[in-house]
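Trainee: My structure is in data_28.cif, and what it holds is mmCIF, C-alpha atoms and all ligand atoms:
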```
data_target
loop_
_atom_site.label_atom_id
_atom_site.label_comp_id
_atom_site.auth_asym_id
_atom_site.auth_seq_id
_atom_site.Cartn_x
_atom_site.Cartn_y
_atom_site.Cartn_z
CA MET A 1 9.14 -0.50 -1.34
CA ALA A 2 7.65 2.12 -3.46
CA SER A 3 8.20 5.32 -1.47
CA VAL A 4 6.08 6.44 1.49
CA PHE A 5 4.61 9.05 -0.82
CA GLY A 6 3.65 6.52 -3.45
CA HIS A 7 1.93 4.29 -0.89
CA SER A 8 0.10 7.24 0.69
CA LEU A 9 -1.05 8.42 -2.70
CA ALA A 10 -2.70 5.04 -3.26
CA ALA A 11 -4.46 5.25 0.14
CA LEU A 12 -5.83 8.71 -0.59
CA ALA A 13 -6.99 7.73 -4.04
CA LEU A 14 -8.75 4.61 -2.70
CA GLY A 15 -10.46 6.71 -0.02
CA LYS A 16 -11.99 8.91 -2.70
CA ALA A 17 -14.12 5.96 -3.74
CA PHE A 18 -15.86 5.92 -0.34
CA SER A 19 -18.94 7.92 0.57
CA LYS A 20 -18.51 11.53 1.67
CA GLU A 21 -19.57 10.99 5.27
CA LEU A 22 -16.79 8.46 5.70
CA ARG A 23 -14.18 10.73 4.23
CA LYS A 24 -12.94 12.40 7.40
CA PRO A 25 -9.30 13.19 8.19
CA LYS A 26 -9.23 10.28 10.64
CA LEU A 27 -10.02 7.88 7.80
CA TRP A 28 -7.27 9.34 5.61
CA ILE A 29 -4.69 9.25 8.36
CA LEU A 30 -5.46 5.65 9.27
CA GLY A 31 -5.57 4.72 5.58
CA ILE A 32 -2.09 6.15 5.08
CA LEU A 33 -0.95 4.30 8.18
CA CYS A 34 -2.26 1.06 6.67
CA SER A 35 -0.59 1.78 3.34
CA ILE A 36 2.83 2.03 4.96
CA ALA A 37 2.42 -0.40 7.90
CA PRO A 38 3.72 -3.45 6.00
CA ASP A 39 7.16 -1.83 5.86
CA ALA A 40 7.45 -2.04 9.65
CA ASP A 41 9.22 -5.26 8.72
CA VAL A 42 12.36 -3.33 7.72
CA LEU A 43 13.02 -3.18 11.47
CA GLY A 44 13.88 -6.85 11.07
CA PHE A 45 17.07 -5.88 9.25
CA LYS A 46 18.27 -4.30 12.50
CA PHE A 47 17.75 -7.58 14.31
CA GLY A 48 19.47 -9.64 11.66
CA ILE A 49 16.30 -11.21 10.23
CA ALA A 50 17.02 -12.45 6.71
CA TYR A 51 15.18 -10.77 3.83
CA LYS A 52 13.94 -14.14 2.56
CA SER A 53 12.55 -15.36 5.89
CA PHE A 54 8.93 -15.33 7.12
CA TRP A 55 9.39 -12.09 9.10
CA GLY A 56 11.87 -10.70 6.56
CA HIS A 57 11.20 -7.63 4.43
CA ARG A 58 8.24 -8.17 2.05
CA GLY A 59 7.40 -11.32 4.00
CA PHE A 60 4.31 -11.98 6.13
CA THR A 61 3.42 -8.28 6.68
CA HIS A 62 3.12 -7.94 2.89
CA SER A 63 0.64 -10.83 2.52
CA PHE A 64 -3.06 -10.54 1.75
CA PHE A 65 -3.75 -12.46 4.95
CA PHE A 66 -1.98 -9.77 6.95
CA ALA A 67 -3.87 -7.04 5.06
CA ILE A 68 -7.20 -8.59 6.07
CA LEU A 69 -6.19 -8.99 9.72
CA PHE A 70 -4.71 -5.52 9.93
CA GLY A 71 -7.66 -3.85 8.16
CA PHE A 72 -10.17 -5.35 10.57
CA LEU A 73 -7.95 -4.62 13.55
CA ILE A 74 -7.66 -0.91 12.73
CA ALA A 75 -11.37 -0.58 11.86
CA TYR A 76 -12.47 -2.25 15.10
CA LEU A 77 -9.99 -0.32 17.20
CA PHE A 78 -10.88 3.11 15.86
CA TYR A 79 -14.53 2.91 14.80
CA LYS A 80 -17.80 2.03 16.49
CA SER A 81 -20.14 1.84 13.51
CA ARG A 82 -19.90 0.79 9.85
CA ARG A 83 -16.80 -1.13 10.77
CA ASN A 84 -16.94 -3.67 7.96
CA ILE A 85 -17.04 -1.17 5.12
CA ILE A 86 -14.28 0.82 6.82
CA ALA A 87 -12.29 -2.38 7.29
CA LEU A 88 -12.61 -2.98 3.57
CA TYR A 89 -10.98 0.39 2.91
CA PHE A 90 -8.14 -0.35 5.30
CA ILE A 91 -7.65 -3.79 3.76
CA LEU A 92 -7.41 -2.22 0.30
CA CYS A 93 -4.91 0.34 1.58
CA THR A 94 -2.75 -2.34 3.18
CA ALA A 95 -2.95 -4.67 0.18
CA SER A 96 -2.20 -1.79 -2.21
CA HIS A 97 1.18 -1.57 -0.53
CA SER A 98 2.09 -5.13 -1.46
CA ILE A 99 0.79 -4.77 -5.00
CA LEU A 100 2.84 -1.63 -5.54
CA ASP A 101 5.91 -3.30 -4.07
CA ALA A 102 5.45 -6.18 -6.51
CA MET A 103 5.56 -3.64 -9.33
CA THR A 104 8.91 -2.12 -8.33
CA THR A 105 12.18 -2.60 -10.14
CA GLY A 106 14.21 -3.83 -7.17
CA GLY A 107 14.49 -5.89 -4.03
CA LYS A 108 13.00 -9.32 -3.62
CA GLY A 109 9.43 -10.33 -4.42
CA VAL A 110 6.40 -10.09 -2.17
CA ALA A 111 5.06 -13.01 -0.09
CA PHE A 112 1.43 -12.47 -1.13
CA LEU A 113 0.27 -15.89 0.09
CA SER A 114 2.11 -16.03 3.41
CA PRO A 115 1.65 -17.73 5.87
CA PHE A 116 0.21 -20.48 3.64
CA GLU A 117 2.91 -20.38 1.03
CA ASN A 118 6.04 -18.32 1.43
CA SER A 119 7.23 -17.86 -2.16
CA ARG A 120 8.02 -14.31 -3.24
CA TYR A 121 6.21 -12.85 -6.21
CA PHE A 122 6.55 -9.95 -8.59
CA LEU A 123 3.86 -8.82 -11.00
CA PRO A 124 4.85 -9.43 -14.62
CA TRP A 125 4.83 -5.67 -15.14
CA ARG A 126 7.22 -3.59 -13.02
CA PRO A 127 7.36 0.06 -14.04
CA ILE A 128 7.87 1.66 -10.58
CA LYS A 129 11.40 2.52 -9.59
CA VAL A 130 12.29 0.96 -6.26
CA SER A 131 12.66 3.49 -3.45
CA PRO A 132 15.89 3.74 -1.47
CA MET A 133 15.53 2.58 2.16
CA SER A 134 17.34 5.51 3.74
CA ALA A 135 16.04 9.08 3.85
CA SER A 136 19.40 10.58 2.91
CA LYS A 137 19.45 8.55 -0.28
CA PHE A 138 15.81 9.40 -0.88
CA PHE A 139 16.45 13.14 -0.98
CA SER A 140 18.66 12.83 -3.98
CA GLU A 141 18.45 12.32 -7.70
CA TRP A 142 17.28 8.77 -7.03
CA GLY A 143 14.35 10.02 -4.90
CA LEU A 144 13.28 12.38 -7.65
CA GLU A 145 13.27 9.54 -10.15
CA VAL A 146 11.15 7.46 -7.76
CA ILE A 147 8.57 10.24 -7.28
CA LYS A 148 8.39 10.81 -11.01
CA SER A 149 7.77 7.16 -11.78
CA GLU A 150 5.17 6.93 -8.98
CA LEU A 151 3.23 9.98 -10.11
CA LEU A 152 3.10 8.45 -13.54
CA TRP A 153 2.37 4.82 -12.65
CA ILE A 154 0.31 5.28 -9.46
CA GLY A 155 -1.09 8.80 -9.82
CA VAL A 156 -2.29 8.66 -13.42
CA PRO A 157 -4.07 5.28 -13.22
CA PHE A 158 -5.90 6.38 -10.06
CA ILE A 159 -6.98 9.65 -11.67
CA ILE A 160 -8.40 7.63 -14.56
CA LEU A 161 -10.11 5.25 -12.10
CA LEU A 162 -11.64 8.14 -10.13
CA ALA A 163 -12.79 9.87 -13.28
CA GLY A 164 -14.44 6.59 -14.29
CA ILE A 165 -16.22 6.30 -10.92
CA LYS A 166 -17.42 9.92 -11.17
CA LEU A 167 -18.69 9.29 -14.67
CA ILE A 168 -20.60 6.16 -13.61
CA LYS A 169 -22.11 8.03 -10.65
CA TYR A 170 -23.10 10.87 -12.97
CA ILE A 171 -24.69 8.58 -15.54
CA THR A 172 -26.58 6.44 -12.99
CA ARG A 173 -27.80 9.38 -10.95
ZN ZN A 201 6.96 -2.80 1.36
#
```
Show me the file's structure as structure tokens.
Ligand SMILES: [Zn+2]

Mentor:
Amino acid sequence: MASVFGHSLAALALGKAFSKELRKPKLWILGILCSIAPDADVLGFKFGIAYKSFWGHRGFTHSFFFAILFGFLIAYLFYKSRRNIIALYFILCTASHSILDAMTTGGKGVAFLSPFENSRYFLPWRPIKVSPMSASKFFSEWGLEVIKSELLWIGVPFIILLAGIKLIKYITR
């Protein structure tokens, strides 16, 4: 994974693109939940599920299919109106997780196309340092390196994206 912080950062940045009335703390919190939910699969390690298998880490829960299911599930569970647009946000948050994982320097690839095709993929460009799995390792030199690379490779592109959206809104107003 990229770190929890990196994934949350993506969720917050994506939320900025949505209209003001939708931007309530509930939306942020659920968005962050979606952005880290795919890593629930690390529990599989405890039960001896192999990394490479369907339920293994970066397997089915990291697929686009899962992102769509999960996004709709959360939107329909927690909202009564405008569910489809909200679901879209949650889908983007969930899928952003897999895309960021596929840009990290370590681990195995991401099963984007599961359950239809279970190959693991990386993006051709992988600038984000992989995050350690344990908290004790995270609060170390390694963790600092991870945060630095995430601020640079997740934070900066999103700032540019948001600035672009603002500019377009300003021009077309
Ligand atoms: Zn992950």

Trainee: For ligand ZN 201 (chain A), which residue among A:Ile168, A:Leu144, A:Ile128, A:Leu100 is the nearest when counting all atoms listed in the file?

Mentor: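 Checking each candidate against ligand ZN 201 (chain A), we get A:Leu100 as the closest.
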
Trainee: What separation in Å, quoted to one decimal, exists between atom CA of Gly59 of chain A and atom CA of Trp125 of chain A?

Mentor: 20.1 Å

Trainee: Go through A:Leu33, A:Ile171, A:Ala163, A:Ala87 one by one, measure the shortest atom-to-atom distance of each to Val4 of chain A using all atoms listed in the file, and give the residue with the smallest value.

Mentor: A:Leu33

Trainee: Pick out the residues no farther than 12 Å from ligand ZN 201 (chain A), counting all atoms listed in the file, and list them as a PyMOL selection string.

Mentor: chain A and resi 1-4+6-7+34-43+51+56-63+94-104+106-112+130-133

Trainee: So that I can see what lies close to Phe78 of chain A, please list as a list in words the residues with an atom at most 12 Å from it, counting only C-alpha atoms and leaving out residues fewer than 5 positions away in the same chain.

Mentor: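 Within the cut-off, the hits are Lys26, Leu27, Ile29, Leu30, Gly31, Gly71, Phe72, Leu73, Arg83, Ile86, Ala87 and Phe90 of chain A.
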
Trainee: Which value, in Å to one decimal, gives the distance between atom CA of Ile68 of chain A and atom CA of Ser19 of chain A?

Mentor: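 Computed distance, atom CA of Ile68 of chain A to atom CA of Ser19 of chain A, equals 21.0 Å.
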
Trainee: So, with only C-alpha atoms as the atoms that count, which of A:Ala50, A:Ala67, A:Leu22, A:Leu123 lies closest to Arg82 of chain A?

Mentor: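 Using only C-alpha atoms, Arg82 of chain A sits closest to A:Leu22.
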
Trainee: Pick out the closest residue to Leu151 of chain A from this set: A:Lys129, A:Gly164, A:Ile32, A:Tyr89. Count all atoms listed in the file.

Mentor: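 Closest residue, counting all atoms listed in the file: A:Lys129.
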
Trainee: Between atom CA of Lys166 of chain A and atom CA of Leu12 of chain A, measure the distance and give it in Å to one decimal.

Mentor: 15.7 Å

Trainee: Given the choices A:Leu167, A:Leu69, A:Leu161, A:Leu88, which gets closest to Ala13 of chain A if the distance is worked out from all atoms listed in the file?

Mentor: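 Using all atoms listed in the file, Ala13 of chain A sits closest to A:Leu161.
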
Trainee: Go through A:Cys93, A:Phe45, A:Trp153, A:Leu162 one by one, measure the shortest atom-to-atom distance of each to Ala11 of chain A using all atoms listed in the file, and give the residue with the smallest value.

Mentor: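 Smallest distance to Ala11 of chain A is found for A:Cys93.
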
Trainee: Which residues come within 12 Å of Leu152 of chain A, counting all atoms listed in the file, excluding same-chain residues fewer than 4 positions away, as a list of chain:residue names?

Mentor: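 After dropping sequence-adjacent residues, the list is A:Gly6, A:Leu9, A:Pro127, A:Ile128, A:Lys129, A:Glu145, A:Val146, A:Ile147, A:Lys148, A:Val156, A:Pro157, A:Phe158, A:Ile159, A:Ile160.
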
Trainee: Could those residues be written to a file, using C-alpha atoms, as a CSV table (one decimal), in the frame of the given file?

Mentor:
```csv
chain,number,residue,atom,x,y,z
A,6,GLY,CA,3.6,6.5,-3.4
A,9,LEU,CA,-1.0,8.4,-2.7
A,127,PRO,CA,7.4,0.1,-14.0
A,128,ILE,CA,7.9,1.7,-10.6
A,129,LYS,CA,11.4,2.5,-9.6
A,145,GLU,CA,13.3,9.5,-10.2
A,146,VAL,CA,11.2,7.5,-7.8
A,147,ILE,CA,8.6,10.2,-7.3
A,148,LYS,CA,8.4,10.8,-11.0
A,156,VAL,CA,-2.3,8.7,-13.4
A,157,PRO,CA,-4.1,5.3,-13.2
A,158,PHE,CA,-5.9,6.4,-10.1
A,159,ILE,CA,-7.0,9.6,-11.7
A,160,ILE,CA,-8.4,7.6,-14.6
```

Trainee: Any chance you could model N, CA and C atoms for segment 20-48 of chain A and send them as a tab-separated table (two decimals), keeping the file's coordinate frame?

Mentor:
```tsv
chain	number	residue	atom	x	y	z
A	20	LYS	N	-18.99	10.27	1.09
A	20	LYS	CA	-18.51	11.53	1.67
A	20	LYS	C	-18.47	11.50	3.19
A	21	GLU	N	-19.52	10.94	3.80
A	21	GLU	CA	-19.57	10.99	5.27
A	21	GLU	C	-18.44	10.18	5.92
A	22	LEU	N	-17.91	9.23	5.15
A	22	LEU	CA	-16.79	8.46	5.70
A	22	LEU	C	-15.46	9.17	5.51
A	23	ARG	N	-15.46	10.10	4.58
A	23	ARG	CA	-14.18	10.73	4.23
A	23	ARG	C	-13.80	11.83	5.21
A	24	LYS	N	-13.39	11.45	6.39
A	24	LYS	CA	-12.94	12.40	7.40
A	24	LYS	C	-11.43	12.24	7.53
A	25	PRO	N	-10.76	13.29	8.05
A	25	PRO	CA	-9.30	13.19	8.19
A	25	PRO	C	-8.83	11.93	8.91
A	26	LYS	N	-9.61	11.50	9.90
A	26	LYS	CA	-9.23	10.28	10.64
A	26	LYS	C	-9.09	9.09	9.69
A	27	LEU	N	-10.05	8.99	8.75
A	27	LEU	CA	-10.02	7.88	7.80
A	27	LEU	C	-8.77	7.95	6.92
A	28	TRP	N	-8.45	9.17	6.46
A	28	TRP	CA	-7.27	9.34	5.61
A	28	TRP	C	-6.01	8.95	6.36
A	29	ILE	N	-5.92	9.47	7.59
A	29	ILE	CA	-4.69	9.25	8.36
A	29	ILE	C	-4.49	7.76	8.62
A	30	LEU	N	-5.58	7.09	9.01
A	30	LEU	CA	-5.46	5.65	9.27
A	30	LEU	C	-5.20	4.88	7.97
A	31	GLY	N	-5.80	5.36	6.88
A	31	GLY	CA	-5.57	4.72	5.58
A	31	GLY	C	-4.10	4.80	5.18
A	32	ILE	N	-3.52	5.98	5.39
A	32	ILE	CA	-2.09	6.15	5.08
A	32	ILE	C	-1.26	5.24	5.98
A	33	LEU	N	-1.65	5.20	7.25
A	33	LEU	CA	-0.95	4.30	8.18
A	33	LEU	C	-0.97	2.86	7.65
A	34	CYS	N	-2.15	2.42	7.20
A	34	CYS	CA	-2.26	1.06	6.67
A	34	CYS	C	-1.38	0.88	5.44
A	35	SER	N	-1.32	1.92	4.61
A	35	SER	CA	-0.59	1.78	3.34
A	35	SER	C	0.91	1.70	3.55
A	36	ILE	N	1.38	2.13	4.72
A	36	ILE	CA	2.83	2.03	4.96
A	36	ILE	C	3.19	1.00	6.04
A	37	ALA	N	2.17	0.54	6.79
A	37	ALA	CA	2.42	-0.40	7.90
A	37	ALA	C	3.22	-1.63	7.51
A	38	PRO	N	2.97	-2.24	6.33
A	38	PRO	CA	3.72	-3.45	6.00
A	38	PRO	C	5.24	-3.27	6.07
A	39	ASP	N	5.71	-2.04	5.85
A	39	ASP	CA	7.16	-1.83	5.86
A	39	ASP	C	7.74	-1.74	7.26
A	40	ALA	N	6.91	-1.93	8.30
A	40	ALA	CA	7.45	-2.04	9.65
A	40	ALA	C	8.44	-3.20	9.70
A	41	ASP	N	8.32	-4.09	8.73
A	41	ASP	CA	9.22	-5.26	8.72
A	41	ASP	C	10.68	-4.90	8.42
A	42	VAL	N	10.95	-3.67	7.95
A	42	VAL	CA	12.36	-3.33	7.72
A	42	VAL	C	13.12	-3.27	9.05
A	43	LEU	N	12.37	-3.12	10.16
A	43	LEU	CA	13.02	-3.18	11.47
A	43	LEU	C	13.77	-4.49	11.64
A	44	GLY	N	13.25	-5.53	10.99
A	44	GLY	CA	13.88	-6.85	11.07
A	44	GLY	C	15.34	-6.84	10.65
A	45	PHE	N	15.67	-5.97	9.70
A	45	PHE	CA	17.07	-5.88	9.25
A	45	PHE	C	17.99	-5.58	10.44
A	46	LYS	N	17.49	-4.71	11.32
A	46	LYS	CA	18.27	-4.30	12.50
A	46	LYS	C	18.56	-5.50	13.41
A	47	PHE	N	17.59	-6.44	13.42
A	47	PHE	CA	17.75	-7.58	14.31
A	47	PHE	C	18.31	-8.80	13.58
A	48	GLY	N	18.82	-8.56	12.39
A	48	GLY	CA	19.47	-9.64	11.66
A	48	GLY	C	18.53	-10.66	11.05
```
